[in-house]
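Text of the file protein09.txt, holding compact mmCIF, C-alpha atoms (C1' of nucleotides):
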```
# COMPACT_ATOMS: atom_id res chain seq x y z
CA MET I 1 154.51 52.59 171.83
CA LYS I 2 158.17 53.08 171.09
CA SER I 3 158.38 49.35 170.46
CA LEU I 4 156.26 49.71 167.36
CA SER I 5 157.92 52.85 166.08
CA ASP I 6 160.63 51.07 164.14
CA GLN I 7 159.58 50.01 160.67
CA THR I 8 161.31 46.64 160.89
CA ARG I 9 159.84 45.89 164.29
CA PHE I 10 156.40 46.81 163.07
CA LYS I 11 156.80 44.39 160.18
CA ILE I 12 157.93 41.64 162.53
CA VAL I 13 154.80 42.04 164.64
CA GLY I 14 152.68 42.09 161.49
CA MET I 15 154.28 38.88 160.27
CA LEU I 16 153.95 37.13 163.60
CA LEU I 17 150.27 37.98 163.72
CA THR I 18 149.62 35.85 160.66
CA ARG I 19 151.61 32.83 161.85
CA ASP I 20 154.65 31.67 163.76
CA PHE I 21 158.09 32.43 162.45
CA CYS I 22 161.52 31.35 163.54
CA VAL I 23 164.31 33.91 163.71
CA GLY I 24 165.91 32.73 160.49
CA GLY I 25 162.62 32.97 158.62
CA LEU I 26 162.08 36.53 159.75
CA ALA I 27 165.66 37.44 158.92
CA ARG I 28 165.44 36.07 155.39
CA THR I 29 162.11 37.71 154.68
CA LEU I 30 163.21 41.07 156.05
CA ASP I 31 166.65 40.74 154.51
CA ILE I 32 168.58 41.55 157.66
CA SER I 33 170.84 39.45 159.84
CA GLU I 34 169.49 36.97 162.36
CA ALA I 35 171.29 38.92 165.05
CA ALA I 36 169.34 42.05 164.17
CA VAL I 37 166.07 40.15 164.31
CA SER I 38 167.03 38.62 167.61
CA GLN I 39 167.70 42.06 169.04
CA HIS I 40 164.33 43.35 167.89
CA LEU I 41 162.64 40.29 169.35
CA LYS I 42 164.39 40.85 172.65
CA LEU I 43 162.99 44.36 172.81
CA LEU I 44 159.52 43.14 171.87
CA LYS I 45 159.72 40.38 174.46
CA ASP I 46 160.80 42.90 177.11
CA VAL I 47 157.61 44.91 176.64
CA GLY I 48 155.59 41.69 176.54
CA LEU I 49 154.42 42.09 172.97
CA VAL I 50 155.74 38.74 171.81
CA ASN I 51 156.87 35.54 173.40
CA GLY I 52 158.66 32.54 172.00
CA GLU I 53 158.97 28.85 172.59
CA LYS I 54 161.39 26.24 171.41
CA HIS I 55 160.20 23.85 168.75
CA GLY I 56 162.97 21.37 168.16
CA TYR I 57 165.80 23.26 166.59
CA PHE I 58 163.73 26.36 166.13
CA MET I 59 162.50 29.18 168.28
CA HIS I 60 158.99 30.15 167.27
CA TYR I 61 157.72 33.58 168.18
CA GLN I 62 154.17 34.81 168.40
CA VAL I 63 152.37 38.00 169.32
CA GLU I 64 150.71 38.49 172.68
CA ARG I 65 147.53 39.93 171.27
CA SER I 66 146.16 41.20 174.54
CA VAL I 67 149.16 43.49 174.92
CA LEU I 68 148.74 44.86 171.43
CA GLU I 69 145.05 45.40 172.12
CA GLY I 70 145.99 47.15 175.32
CA LEU I 71 148.18 49.57 173.42
CA ALA I 72 145.44 50.26 170.89
CA ASN I 73 142.89 50.86 173.61
CA ALA I 74 145.24 53.15 175.49
CA LEU I 75 145.45 55.29 172.37
CA LEU I 76 141.73 55.15 171.90
CA GLY I 77 141.26 56.21 175.51
CA MET I 78 143.44 59.25 175.00
CA THR I 79 141.09 60.60 172.37
CA GLU I 80 138.30 60.72 174.92
CA VAL I 81 140.05 63.14 177.24
CA ASP I 82 137.94 66.13 178.00
CA ARG I 83 138.88 69.40 176.55
CA THR I 84 138.83 72.52 178.65
CA LEU I 85 139.11 75.81 176.91
CA TYR I 86 140.92 78.29 179.05
CA GLY I 87 141.22 81.97 178.34
CA GLU I 88 143.19 83.39 175.47
CA CYS I 89 146.87 84.16 175.44
CA GLN I 90 147.38 87.85 176.08
CA PRO I 91 149.45 89.66 173.46
CA ARG I 92 152.65 91.19 174.75
CA ALA I 93 152.12 89.69 178.13
CA ARG I 94 154.07 86.50 178.27
CA GLU I 95 153.81 86.30 182.04
CA ALA I 96 150.13 87.04 181.96
CA CYS I 97 149.27 84.29 179.52
CA ARG I 98 147.23 81.95 181.70
CA LEU I 99 146.59 79.48 178.97
CA CYS I 100 150.19 78.81 178.20
CA ASN I 101 151.75 79.12 181.61
CA SER I 102 149.30 77.19 183.70
CA ASN I 103 150.91 74.23 185.32
CA GLU I 104 148.18 71.62 185.51
CA MET Q 1 152.91 55.48 164.54
CA LYS Q 2 156.43 56.80 164.56
CA SER Q 3 155.00 60.21 165.29
CA LEU Q 4 153.94 59.09 168.75
CA SER Q 5 157.07 57.11 169.53
CA ASP Q 6 158.99 60.02 170.93
CA GLN Q 7 158.30 60.71 174.58
CA THR Q 8 158.20 64.48 174.16
CA ARG Q 9 155.91 64.29 171.15
CA PHE Q 10 153.62 61.96 173.02
CA LYS Q 11 153.43 64.46 175.86
CA ILE Q 12 152.67 67.28 173.45
CA VAL Q 13 149.72 65.39 172.02
CA GLY Q 14 148.55 64.55 175.51
CA MET Q 15 148.70 68.20 176.54
CA LEU Q 16 146.96 69.42 173.40
CA LEU Q 17 144.14 66.97 174.01
CA THR Q 18 143.24 68.73 177.22
CA ARG Q 19 143.33 72.24 175.77
CA ASP Q 20 145.05 74.55 173.33
CA PHE Q 21 148.63 75.53 173.89
CA CYS Q 22 150.88 77.98 172.17
CA VAL Q 23 154.45 77.00 171.33
CA GLY Q 24 155.94 78.93 174.21
CA GLY Q 25 153.57 77.32 176.68
CA LEU Q 26 154.50 73.86 175.54
CA ALA Q 27 158.18 74.73 175.59
CA ARG Q 28 158.07 76.07 179.12
CA THR Q 29 156.09 73.11 180.43
CA LEU Q 30 158.31 70.56 178.73
CA ASP Q 31 161.45 72.51 179.54
CA ILE Q 32 162.86 72.48 176.04
CA SER Q 33 163.43 75.29 173.54
CA GLU Q 34 160.62 76.72 171.47
CA ALA Q 35 162.50 75.66 168.38
CA ALA Q 36 162.44 72.05 169.51
CA VAL Q 37 158.70 72.24 170.12
CA SER Q 38 158.16 73.83 166.75
CA GLN Q 39 160.03 70.98 165.08
CA HIS Q 40 157.91 68.39 166.84
CA LEU Q 41 154.77 70.24 165.88
CA LYS Q 42 155.87 70.34 162.27
CA LEU Q 43 156.23 66.57 162.26
CA LEU Q 44 152.85 66.13 163.94
CA LYS Q 45 151.26 68.52 161.47
CA ASP Q 46 152.80 66.63 158.56
CA VAL Q 47 151.06 63.43 159.58
CA GLY Q 48 147.86 65.36 160.22
CA LEU Q 49 147.75 64.69 163.95
CA VAL Q 50 147.60 68.34 164.93
CA ASN Q 51 146.80 71.60 163.30
CA GLY Q 52 147.23 75.12 164.41
CA GLU Q 53 145.73 78.52 163.93
CA LYS Q 54 146.85 82.00 164.69
CA HIS Q 55 145.25 83.75 167.63
CA GLY Q 56 146.61 87.22 167.76
CA TYR Q 57 150.28 86.95 168.59
CA PHE Q 58 149.98 83.27 169.35
CA MET Q 59 149.76 80.10 167.37
CA HIS Q 60 147.39 77.69 169.06
CA TYR Q 61 147.68 74.01 168.29
CA GLN Q 62 145.13 71.29 168.76
CA VAL Q 63 144.85 67.59 168.09
CA GLU Q 64 142.95 66.20 165.13
CA ARG Q 65 141.15 63.54 167.11
CA SER Q 66 139.89 61.59 164.14
CA VAL Q 67 143.45 60.94 163.04
CA LEU Q 68 144.43 59.74 166.49
CA GLU Q 69 141.39 57.51 166.55
CA GLY Q 70 142.34 56.19 163.14
CA LEU Q 71 145.75 55.21 164.43
CA ALA Q 72 144.24 53.45 167.42
CA ASN Q 73 141.77 51.59 165.26
CA ALA Q 74 144.46 50.56 162.82
CA LEU Q 75 146.31 48.96 165.71
CA LEU Q 76 143.15 47.36 166.95
CA GLY Q 77 142.48 46.03 163.46
CA MET Q 78 145.89 44.40 163.33
CA THR Q 79 145.06 42.23 166.30
CA GLU Q 80 142.16 40.71 164.41
CA VAL Q 81 144.29 39.29 161.61
CA ASP Q 82 143.68 35.61 161.12
CA ARG Q 83 146.32 33.23 162.18
CA THR Q 84 147.28 30.35 159.95
CA LEU Q 85 149.40 27.65 161.44
CA TYR Q 86 151.64 26.14 158.85
CA GLY Q 87 153.73 23.00 159.31
CA GLU Q 88 156.69 22.83 161.61
CA CYS Q 89 160.21 23.86 160.79
CA GLN Q 90 162.20 20.79 159.84
CA PRO Q 91 165.37 20.29 161.86
CA ARG Q 92 168.55 20.37 159.85
CA ALA Q 93 166.71 21.26 156.73
CA ARG Q 94 166.85 24.97 156.38
CA GLU Q 95 165.75 24.87 152.76
CA ALA Q 96 162.92 22.52 153.56
CA CYS Q 97 161.45 24.66 156.29
CA ARG Q 98 158.16 25.70 154.74
CA LEU Q 99 157.06 27.71 157.69
CA CYS Q 100 160.03 30.00 157.77
CA ASN Q 101 160.82 30.29 154.10
CA SER Q 102 157.39 30.76 152.68
CA ASN Q 103 157.04 34.09 150.97
CA GLU Q 104 153.44 35.06 151.51
C1' DA L 1 155.88 102.00 157.92
C1' DA L 2 158.69 100.82 161.71
C1' DT L 3 158.93 97.82 165.54
C1' DC L 4 158.03 94.26 168.51
C1' DT L 5 156.57 89.40 169.56
C1' DG L 6 155.91 84.62 168.88
C1' DT L 7 157.13 81.14 165.63
C1' DT L 8 159.80 78.81 162.27
C1' DT L 9 163.97 77.48 159.72
C1' DA L 10 168.96 76.50 159.37
C1' DA L 11 173.16 74.62 160.89
C1' DG L 12 175.65 71.99 163.84
C1' DC L 13 176.25 68.87 167.72
C1' DT L 14 175.17 64.90 170.64
C1' DA L 15 172.82 60.92 171.85
C1' DT L 16 170.33 57.17 170.48
C1' DT L 17 169.42 53.33 167.78
C1' DA L 18 169.57 49.85 164.20
C1' DC L 19 172.72 47.22 161.82
C1' DT L 20 176.90 44.09 160.88
C1' DT L 21 180.34 40.48 161.99
C1' DA L 22 182.33 37.46 165.28
C1' DA L 23 182.10 34.88 169.23
C1' DT L 24 179.29 32.41 172.54
C1' DC L 25 175.33 29.80 174.09
C1' DA L 26 171.67 26.17 174.41
C1' DG L 27 169.99 22.26 173.36
C1' DA L 28 168.67 18.48 169.76
C1' DT L 29 170.77 14.84 167.19
C1' DT L 30 173.90 11.28 166.46
C1' DA H 1 179.56 12.93 175.19
C1' DA H 2 180.75 15.02 170.95
C1' DT H 3 178.89 17.62 167.31
C1' DC H 4 175.72 19.77 164.91
C1' DT H 5 172.21 23.94 164.27
C1' DG H 6 169.62 27.96 165.28
C1' DA H 7 169.54 31.76 168.52
C1' DT H 8 171.69 35.10 171.38
C1' DT H 9 175.15 38.30 173.06
C1' DA H 10 179.12 41.47 172.47
C1' DA H 11 181.56 44.96 170.26
C1' DG H 12 181.96 48.24 166.99
C1' DT H 13 180.06 51.20 163.16
C1' DA H 14 176.84 54.00 160.56
C1' DA H 15 172.65 56.26 160.26
C1' DT H 16 168.85 58.64 162.58
C1' DA H 17 166.75 61.74 165.44
C1' DG H 18 166.24 65.27 169.01
C1' DC H 19 168.23 69.25 170.99
C1' DT H 20 170.48 73.98 171.07
C1' DT H 21 171.74 78.55 169.40
C1' DA H 22 171.34 81.96 165.96
C1' DA H 23 169.21 83.93 162.20
C1' DA H 24 165.06 84.68 159.43
C1' DC H 25 160.06 85.18 159.10
C1' DA H 26 155.08 86.65 159.70
C1' DG H 27 152.05 89.40 161.13
C1' DA H 28 149.95 92.33 165.09
C1' DT H 29 150.62 96.71 167.34
C1' DT H 30 151.95 101.29 167.56
```

Just dump the structure as structure tokens.
Amino acid sequence: MKSLSDQTRFKIVGMLLTRDFCVGGLARTLDISEAAVSQHLKLLKDVGLVNGEKHGYFMHYQVERSVLEGLANALLGMTEVDRTLYGECQPRAREACRLCNSNE
Amino acid sequence: MKSLSDQTRFKIVGMLLTRDFCVGGLARTLDISEAAVSQHLKLLKDVGLVNGEKHGYFMHYQVERSVLEGLANALLGMTEVDRTLYGECQPRAREACRLCNSNE
DNA sequence: AATCTGTTTAAGCTATTACTTAATCAGATT
DNA sequence: AATCTGATTAAGTAATAGCTTAAACAGATT
């Protein structure tokens, strides 16, 4: 989730979903250094979101869609958590507030 | 997306999905100050992910599930983008590399 | 209306993170 | 094998973001 939090990284994933890009191509489009792109790609590779392969002189990266889908579905799953309404917080009784102090 | 990138914020959303919490309850569970929680909640409110209402002395927050679902579906939608494979990068011809220099 | 409680805002500090340049690496081309 | 080229790594810097304490706020209780 943190891997997609950065604007630039999000753009990179978006770009790589449409087609392959080499590092230089990403760097020029995003107007940052190739080193910066490489560092973002390293992070994305580490979480398995993208992988790359050599094509002659160039390294071409692409998105591992299943991983991205996994992330999306994890989020979607969260929304289905059941909601249990406990009792109310008791005014002036911080210690007695079951709702807020419960440890589960 | 950035709103869920922080570990603590992610936990807060997770907790609020199970039931209501007041600020103090979140703070004690997460072991950070109430001010810190309040700041996270402000951010989450700003993107519409949570909203809160006064209950006596306490402010109870809850997750706006539709917004969370929207985020998840946006991610899921991304994965369905069509992939167009352009030509290869041309070795030693940075300017000629259609794939990486194309602007679309 | 005065007071008390939970929450929020402000200010400042610290840690993290994204970027740059420079140096190094890997491997394709000659 | 020497020499290119694109990619990566390293080191340092600047910006961002999360936390804390202290002060201000809102509104429920007395």

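The list of chain I residues within 8 Å of chain L is Ser33, Ala36, Gly56, Tyr57 and Arg92 of chain I; this uses only C-alpha atoms (C1' of nucleotides).
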
Hey, can you spit out that residue selection with C-alpha atoms as a PDB file, in the coordinates of the input?
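Generated file (part-v1.pdb):
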```pdb
ATOM      1  CA  SER I  33     170.840  39.450 159.840  1.00  0.00           C
ATOM      2  CA  ALA I  36     169.340  42.050 164.170  1.00  0.00           C
ATOM      3  CA  GLY I  56     162.970  21.370 168.160  1.00  0.00           C
ATOM      4  CA  TYR I  57     165.800  23.260 166.590  1.00  0.00           C
ATOM      5  CA  ARG I  92     152.650  91.190 174.750  1.00  0.00           C
TER       6      ARG I  92
END
```

Quick check: residues of chain I within 8 Å of chain H, only C-alpha atoms (C1' of nucleotides), returned as JSON, numbers by chain.
{"I": [23, 24, 35, 38, 57, 58, 59]}

Just give me the gap between atom CA of Thr18 of chain I and atom CA of Asp82 of chain Q in Å, one decimal is fine.
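These two atoms are separated by 6.0 Å.
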
Mobile chain I placed on reference chain Q by ordered C-alpha fit, as a compact mmCIF listing (two decimals) with C-alpha atoms, keeping the file's coordinate frame:
```txt
# COMPACT_ATOMS: atom_id res chain seq x y z
CA MET I 1 152.93 55.52 164.46
CA LYS I 2 156.47 56.81 164.41
CA SER I 3 155.05 60.25 165.18
CA LEU I 4 154.03 59.10 168.62
CA SER I 5 157.17 57.15 169.37
CA ASP I 6 159.08 60.08 170.81
CA GLN I 7 158.40 60.71 174.47
CA THR I 8 158.29 64.48 174.07
CA ARG I 9 155.98 64.29 171.09
CA PHE I 10 153.69 61.95 172.94
CA LYS I 11 153.50 64.42 175.80
CA ILE I 12 152.73 67.26 173.42
CA VAL I 13 149.78 65.35 171.97
CA GLY I 14 148.62 64.49 175.49
CA MET I 15 148.77 68.13 176.52
CA LEU I 16 146.99 69.36 173.42
CA LEU I 17 144.18 66.90 174.01
CA THR I 18 143.26 68.64 177.24
CA ARG I 19 143.34 72.17 175.83
CA ASP I 20 145.04 74.51 173.40
CA PHE I 21 148.63 75.49 173.94
CA CYS I 22 150.86 77.98 172.23
CA VAL I 23 154.42 76.99 171.36
CA GLY I 24 155.91 78.94 174.24
CA GLY I 25 153.57 77.30 176.73
CA LEU I 26 154.52 73.84 175.55
CA ALA I 27 158.20 74.73 175.58
CA ARG I 28 158.10 76.02 179.15
CA THR I 29 156.13 73.07 180.44
CA LEU I 30 158.35 70.53 178.70
CA ASP I 31 161.48 72.49 179.52
CA ILE I 32 162.87 72.51 176.01
CA SER I 33 163.41 75.30 173.52
CA GLU I 34 160.58 76.75 171.46
CA ALA I 35 162.48 75.72 168.36
CA ALA I 36 162.43 72.09 169.46
CA VAL I 37 158.70 72.25 170.09
CA SER I 38 158.14 73.89 166.75
CA GLN I 39 160.02 71.08 165.03
CA HIS I 40 157.94 68.44 166.78
CA LEU I 41 154.77 70.29 165.86
CA LYS I 42 155.86 70.44 162.25
CA LEU I 43 156.24 66.68 162.19
CA LEU I 44 152.88 66.20 163.89
CA LYS I 45 151.25 68.61 161.46
CA ASP I 46 152.80 66.74 158.51
CA VAL I 47 151.07 63.51 159.52
CA GLY I 48 147.86 65.43 160.20
CA LEU I 49 147.77 64.72 163.91
CA VAL I 50 147.60 68.35 164.94
CA ASN I 51 146.77 71.63 163.32
CA GLY I 52 147.21 75.18 164.48
CA GLU I 53 145.65 78.56 164.03
CA LYS I 54 146.78 82.05 164.82
CA HIS I 55 145.19 83.75 167.79
CA GLY I 56 146.56 87.25 167.93
CA TYR I 57 150.19 86.97 168.79
CA PHE I 58 149.93 83.29 169.50
CA MET I 59 149.74 80.12 167.50
CA HIS I 60 147.36 77.69 169.16
CA TYR I 61 147.66 74.02 168.35
CA GLN I 62 145.12 71.28 168.80
CA VAL I 63 144.86 67.57 168.11
CA GLU I 64 142.96 66.20 165.14
CA ARG I 65 141.17 63.53 167.09
CA SER I 66 139.91 61.61 164.11
CA VAL I 67 143.48 60.95 163.00
CA LEU I 68 144.46 59.72 166.43
CA GLU I 69 141.39 57.50 166.48
CA GLY I 70 142.35 56.22 163.07
CA LEU I 71 145.75 55.19 164.36
CA ALA I 72 144.22 53.44 167.36
CA ASN I 73 141.74 51.59 165.19
CA ALA I 74 144.44 50.56 162.75
CA LEU I 75 146.25 48.91 165.65
CA LEU I 76 143.07 47.34 166.88
CA GLY I 77 142.42 46.01 163.39
CA MET I 78 145.81 44.35 163.29
CA THR I 79 144.94 42.20 166.27
CA GLU I 80 142.07 40.68 164.34
CA VAL I 81 144.22 39.23 161.59
CA ASP I 82 143.62 35.56 161.12
CA ARG I 83 146.24 33.18 162.18
CA THR I 84 147.21 30.29 159.98
CA LEU I 85 149.33 27.59 161.45
CA TYR I 86 151.60 26.12 158.86
CA GLY I 87 153.70 23.04 159.30
CA GLU I 88 156.65 22.84 161.63
CA CYS I 89 160.18 23.86 160.87
CA GLN I 90 162.20 20.79 159.95
CA PRO I 91 165.36 20.28 162.00
CA ARG I 92 168.56 20.34 160.00
CA ALA I 93 166.72 21.25 156.88
CA ARG I 94 166.90 24.97 156.51
CA GLU I 95 165.81 24.84 152.89
CA ALA I 96 162.99 22.49 153.68
CA CYS I 97 161.48 24.65 156.39
CA ARG I 98 158.19 25.67 154.79
CA LEU I 99 157.06 27.69 157.72
CA CYS I 100 160.01 29.99 157.77
CA ASN I 101 160.80 30.27 154.10
CA SER I 102 157.37 30.74 152.66
CA ASN I 103 157.06 34.02 150.90
CA GLU I 104 153.46 35.06 151.41
```

For chain Q, the nearest of the candidates I:Ile32, I:Val50, I:Leu17, I:Ile12, counting all atoms listed in the file:
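For chain Q, the nearest of the candidates is I:Leu17.
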
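Computed from the coordinates, the atom CA of Lys45 of chain I to atom CA of His60 of chain I distance equals 12.5 Å.
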
As a check of understanding: the span from atom CA of Val67 of chain Q to atom CA of His55 of chain Q is 23.3 Å

From the list I:Gly14, I:Gln7, I:Gly25, I:Val47, which residue is nearest chain Q when using all atoms listed in the file?
I:Gly25

Can you pull out every residue within 10 Å of Asp6 of chain I, counting all atoms listed in the file, but drop anything in the same chain fewer than 2 positions away, and send it as an MDAnalysis selection string?
(chainID I and resid 1:4 8:12 40) or (chainID Q and resid 1:2 5) or (chainID L and resid 17:18)

I need the residue nearest chain I from this list: Q:Leu43, Q:Leu75, Q:Val37, Q:Leu16. Use all atoms listed in the file for the distance.
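Once distances to chain I are computed over all atoms listed in the file, the minimum belongs to Q:Leu75.
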
My list of candidates is I:Gly52, I:Val63, I:Gln39, I:Phe21. Which is closest to chain Q when distances are computed with all atoms listed in the file?
I:Phe21

Pick the closest to chain I from Q:Glu80, Q:Glu34, Q:Asp46, Q:Glu53: which is it, counting all atoms listed in the file?
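Using all atoms listed in the file, the shortest distance to chain I belongs to Q:Glu80.
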
Just checking: using all atoms listed in the file, which residue out of Q:Arg19, Q:Asn51, Q:Gly70, Q:Ala27 ends up closest to chain I?
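When distances to chain I are compared using all atoms listed in the file, the smallest one comes from Q:Arg19.
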
Residues at most 8 Å from Leu68 of chain I, counting only C-alpha atoms (C1' of nucleotides), excluding those fewer than 2 positions away in the same chain, as a CSV table (one decimal) with C-alpha atoms, in the frame of the given file?
```
chain,number,residue,atom,x,y,z
I,49,LEU,CA,154.4,42.1,173.0
I,64,GLU,CA,150.7,38.5,172.7
I,65,ARG,CA,147.5,39.9,171.3
I,66,SER,CA,146.2,41.2,174.5
I,70,GLY,CA,146.0,47.2,175.3
I,71,LEU,CA,148.2,49.6,173.4
I,72,ALA,CA,145.4,50.3,170.9
Q,75,LEU,CA,146.3,49.0,165.7
Q,76,LEU,CA,143.2,47.4,167.0
Q,79,THR,CA,145.1,42.2,166.3
```
